[in-house]
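Participant: Structure in structure tokens, see below.
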Protein chains: 2
Amino acid sequence: MQSNNVVEMTINQLKEHGIKLTETEKLKVEVTDFGLGQQFTVGLQLFTYINTDRYCAKELVLFPSQTCPEHKHPNQNGQPGKQETFRCRSGRVHLFVEGEEKKESDIEPPNKDTVNYTAKREIILRPGEQYTIDPNTLHWFQAGKNGAIISEFSSTSDDASDIFTDVRVKR
Amino acid sequence: MQSNNVVEMTINQLKEHGIKLTETEKLKVEVTDFGLGQQFTVGLQLFTYINTDRYCAKELVLFPSQTCPEHKHPNQNGQPGKQETFRCRSGRVHLFVEGEEKKESDIEPPNKDTVNYTAKREIILRPGEQYTIDPNTLHWFQAGKNGAIISEFSSTSDDASDIFTDVRVKR
């Protein structure tokens, strides 16, 4: 499928849930398959509203059962890494963070890849629910069967510094 | 009108535009008349999603033609004051910031109070449009005839440090 179609699907999913982008903004929707070539299995679509040297806000769009691979935002130069709040706007989000597994999840890592998906503490977010991920904490997330939209509020975003568990990932 | 009713109106306005709050969150909706006793003329309704020592995100709800009075977020202890991005989600926002008046506005300050409303550079925000207000910059804003919802993304919020032009304001 063409990347243009993925952008269009993203814009439509946002629109369906009352989130409007201007025509100029529509040209800035980001699509990534993390270099793994399986967009609809391991991929993410996003739009960044603002990213200053102090704060950042984005919408993250996930297609049905699509997974964003495990990564963390490391501390840098003695400063804490990115802190981020995920707020579910639509659909359902299965967020996994480092920490004790409280209950076995119904969700499997993509391609049953348990090597590159190590965080096992599941937090389920439904519309209106949110969770704040501490800096330097491994996390990955997968949408439910109807996809999901996540509003992300955070400190400054610097994708280049992210550390992915799967060394094949290219962001 | 009871404050309870104002809260209910706020929750309904958010819901109409697809923004869901949990039952616990509904109890934390804030209503302020800035101590001036004219809620529907000079007032603001808001909900804070998150406010850490690094970033903050809120929804600001305005009723038809309601005004948030002029204020600024001053620099403190040598650190820059709050920087904030207003993104219009619904309705229309007339935002006035310090700076050159480009065109005479159709909008009047509440009670024609030109003494306490000095910022004259008008920025009109429609759904999907946004504007970032620099720290230490006087600004005030008024909703259009159908009210408005504004998503605010910002650095840490500390209402207590705000400086209002109208010395009668109590936040």
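Simple scheme: letters A, B, ... for chains in structure tokens order, numbers from 1 for residues in each chain, numbers from 1 for ligands in the order shown.
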Please determine the contact residues of chain A with respect to chain B at a cut-off of 12 Å, counting only C-alpha atoms, and supply them as a PyMOL selection string.
Facilitator: chain A and resi 14-26+48-58+79-90+125-135+151-157
Participant: Find the residues around B:Thr118 up to 12 Å (only C-alpha atoms counted), leave out those fewer than 3 positions away in its own chain, and share them as a list in words.
Facilitator: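 So the residues in contact are Pro69, Glu70, His71, Lys72, Phe96, Val97, Glu98, Gly99, Glu100, Glu101, Glu108, Pro109, Lys112, Asp113, Thr114, Val115, Arg121, Glu122, Thr137, Leu138, His139, Trp140, Phe141, Phe164, Thr165 and Asp166 of chain B.
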Participant: Can you tell me, as a count of residues only, what residues are no more than 12 Å from B:Val6 when counting only C-alpha atoms, ignoring any on the same chain fewer than 2 positions away?
Facilitator: 25
Participant: Could you give me, as a PyMOL selection string, each residue of stretch 138-168 of chain B that DSSP assigns to strand (DSSP E or B) when run on this structure's backbone?
Facilitator: chain B and resi 139-154+163-164
Participant: Next, write the just-selected residues to a file, as a CSV table (one decimal), in the first residue's frame, keeping all heavy atoms as the atom set.
Facilitator:
chain,number,residue,atom,x,y,z
B,139,HIS,N,-1.9,38.8,27.2
B,139,HIS,CA,-2.8,38.2,26.3
B,139,HIS,C,-4.2,38.1,26.9
B,139,HIS,O,-4.3,37.9,28.1
B,139,HIS,CB,-2.4,36.9,25.7
B,139,HIS,CG,-2.1,35.8,26.7
B,139,HIS,ND1,-1.0,35.8,27.5
B,139,HIS,CD2,-2.8,34.8,27.1
B,139,HIS,CE1,-1.0,34.8,28.3
B,139,HIS,NE2,-2.1,34.1,28.1
B,140,TRP,N,-5.2,38.2,26.1
B,140,TRP,CA,-6.6,37.9,26.6
B,140,TRP,C,-7.3,37.2,25.4
B,140,TRP,O,-6.9,37.3,24.3
B,140,TRP,CB,-7.3,39.1,27.1
B,140,TRP,CG,-7.5,40.2,26.1
B,140,TRP,CD1,-6.6,41.2,25.8
B,140,TRP,CD2,-8.7,40.6,25.4
B,140,TRP,NE1,-7.1,42.1,24.9
B,140,TRP,CE2,-8.5,41.7,24.6
B,140,TRP,CE3,-10.0,40.0,25.4
B,140,TRP,CZ2,-9.4,42.3,23.8
B,140,TRP,CZ3,-11.0,40.6,24.6
B,140,TRP,CH2,-10.7,41.8,23.8
B,141,PHE,N,-8.4,36.5,25.7
B,141,PHE,CA,-9.1,35.9,24.6
B,141,PHE,C,-10.6,35.8,24.9
B,141,PHE,O,-11.1,35.8,26.0
B,141,PHE,CB,-8.6,34.5,24.2
B,141,PHE,CG,-8.3,33.6,25.4
B,141,PHE,CD1,-9.2,32.6,25.7
B,141,PHE,CD2,-7.2,33.7,26.2
B,141,PHE,CE1,-9.0,31.7,26.8
B,141,PHE,CE2,-6.9,32.8,27.3
B,141,PHE,CZ,-7.9,31.9,27.6
B,142,GLN,N,-11.4,35.8,23.8
B,142,GLN,CA,-12.8,35.8,23.8
B,142,GLN,C,-13.3,34.8,22.8
B,142,GLN,O,-12.8,34.7,21.7
B,142,GLN,CB,-13.4,37.2,23.5
B,142,GLN,CG,-14.9,37.4,23.7
B,142,GLN,CD,-15.3,38.8,23.4
B,142,GLN,OE1,-15.9,39.1,22.3
B,142,GLN,NE2,-15.1,39.7,24.3
B,143,ALA,N,-14.3,34.0,23.2
B,143,ALA,CA,-15.0,33.1,22.3
B,143,ALA,C,-15.9,33.8,21.3
B,143,ALA,O,-16.4,34.9,21.6
B,143,ALA,CB,-15.7,32.0,23.1
B,144,GLY,N,-16.1,33.2,20.2
B,144,GLY,CA,-17.1,33.7,19.2
B,144,GLY,C,-18.5,33.3,19.7
B,144,GLY,O,-18.7,32.9,20.9
B,145,LYS,N,-19.5,33.6,18.9
B,145,LYS,CA,-20.9,33.5,19.3
B,145,LYS,C,-21.3,32.1,19.7
B,145,LYS,O,-22.4,31.9,20.3
B,145,LYS,CB,-21.8,34.1,18.2
B,145,LYS,CG,-21.6,35.6,18.1
B,145,LYS,CD,-22.6,36.2,17.1
B,145,LYS,CE,-22.3,37.7,17.1
B,145,LYS,NZ,-23.0,38.4,16.0
B,146,ASN,N,-20.6,31.1,19.3
B,146,ASN,CA,-21.0,29.7,19.6
B,146,ASN,C,-20.1,29.1,20.7
B,146,ASN,O,-20.1,27.9,20.8
B,146,ASN,CB,-20.9,28.8,18.3
B,146,ASN,CG,-21.9,29.3,17.3
B,146,ASN,OD1,-23.1,29.6,17.6
B,146,ASN,ND2,-21.5,29.4,16.1
B,147,GLY,N,-19.3,29.9,21.4
B,147,GLY,CA,-18.4,29.4,22.4
B,147,GLY,C,-17.2,28.8,21.7
B,147,GLY,O,-17.0,28.9,20.5
B,148,ALA,N,-16.3,28.1,22.5
B,148,ALA,CA,-15.1,27.6,21.9
B,148,ALA,C,-14.5,26.5,22.9
B,148,ALA,O,-14.7,26.6,24.1
B,148,ALA,CB,-14.1,28.7,21.6
B,149,ILE,N,-13.7,25.6,22.3
B,149,ILE,CA,-12.9,24.7,23.1
B,149,ILE,C,-11.5,24.9,22.6
B,149,ILE,O,-11.2,24.9,21.4
B,149,ILE,CB,-13.3,23.3,23.0
B,149,ILE,CG1,-14.7,23.0,23.5
B,149,ILE,CG2,-12.3,22.4,23.7
B,149,ILE,CD1,-15.3,21.6,23.3
B,150,ILE,N,-10.5,25.1,23.5
B,150,ILE,CA,-9.1,25.3,23.2
B,150,ILE,C,-8.3,24.2,23.9
B,150,ILE,O,-8.4,24.1,25.1
B,150,ILE,CB,-8.6,26.7,23.7
B,150,ILE,CG1,-9.4,27.8,23.1
B,150,ILE,CG2,-7.1,26.8,23.4
B,150,ILE,CD1,-9.2,29.2,23.8
B,151,SER,N,-7.5,23.5,23.2
B,151,SER,CA,-6.5,22.6,23.8
B,151,SER,C,-5.3,23.4,24.1
B,151,SER,O,-4.8,24.1,23.2
B,151,SER,CB,-6.1,21.4,22.9
B,151,SER,OG,-7.2,20.6,22.7
B,152,GLU,N,-4.8,23.4,25.3
B,152,GLU,CA,-3.6,24.2,25.7
B,152,GLU,C,-2.5,23.2,26.0
B,152,GLU,O,-2.6,22.4,26.9
B,152,GLU,CB,-3.9,25.1,26.9
B,152,GLU,CG,-2.7,25.9,27.2
B,152,GLU,CD,-2.8,26.6,28.6
B,152,GLU,OE1,-3.5,27.7,28.7
B,152,GLU,OE2,-2.3,26.1,29.6
B,153,PHE,N,-1.4,23.3,25.2
B,153,PHE,CA,-0.2,22.6,25.5
B,153,PHE,C,0.8,23.6,26.0
B,153,PHE,O,1.0,24.7,25.4
B,153,PHE,CB,0.3,21.9,24.2
B,153,PHE,CG,-0.7,21.3,23.4
B,153,PHE,CD1,-0.9,21.6,22.0
B,153,PHE,CD2,-1.5,20.3,23.9
B,153,PHE,CE1,-1.9,20.9,21.3
B,153,PHE,CE2,-2.5,19.6,23.2
B,153,PHE,CZ,-2.7,20.0,21.8
B,154,SER,N,1.6,23.3,27.0
B,154,SER,CA,2.4,24.3,27.6
B,154,SER,C,3.5,23.7,28.5
B,154,SER,O,3.6,22.5,28.8
B,154,SER,CB,1.6,25.3,28.5
B,154,SER,OG,1.2,24.7,29.7
B,163,ILE,N,0.1,37.4,36.2
B,163,ILE,CA,-0.1,38.8,36.5
B,163,ILE,C,-1.3,39.3,35.6
B,163,ILE,O,-1.2,39.2,34.4
B,163,ILE,CB,1.1,39.6,36.3
B,163,ILE,CG1,2.2,39.2,37.2
B,163,ILE,CG2,0.8,41.1,36.4
B,163,ILE,CD1,3.6,39.9,37.0
B,164,PHE,N,-2.4,39.7,36.3
B,164,PHE,CA,-3.5,40.2,35.6
B,164,PHE,C,-3.5,41.7,35.5
B,164,PHE,O,-3.1,42.4,36.4
B,164,PHE,CB,-4.8,39.8,36.2
B,164,PHE,CG,-5.1,38.3,36.0
B,164,PHE,CD1,-4.6,37.3,36.8
B,164,PHE,CD2,-6.0,37.9,35.0
B,164,PHE,CE1,-4.8,36.0,36.6
B,164,PHE,CE2,-6.2,36.6,34.7
B,164,PHE,CZ,-5.7,35.6,35.6
Participant: Please indicate the distance in Å from atom CA of A:Lys120 to atom CA of A:Glu104, rounded to one decimal place.
Facilitator: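 Atom CA of A:Glu104 lies 8.5 Å from atom CA of A:Lys120.
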Participant: Would you please extract all helix (DSSP H, G or I) residues from stretch 2-169 of chain A, as assigned by DSSP on the backbone, and give them as JSON, numbers by chain?
Facilitator: {"A": [3, 4, 5, 6, 7, 8, 9, 10, 11, 12, 13, 14, 15, 16, 23, 24, 25, 26, 110, 111, 112, 159, 160, 161]}
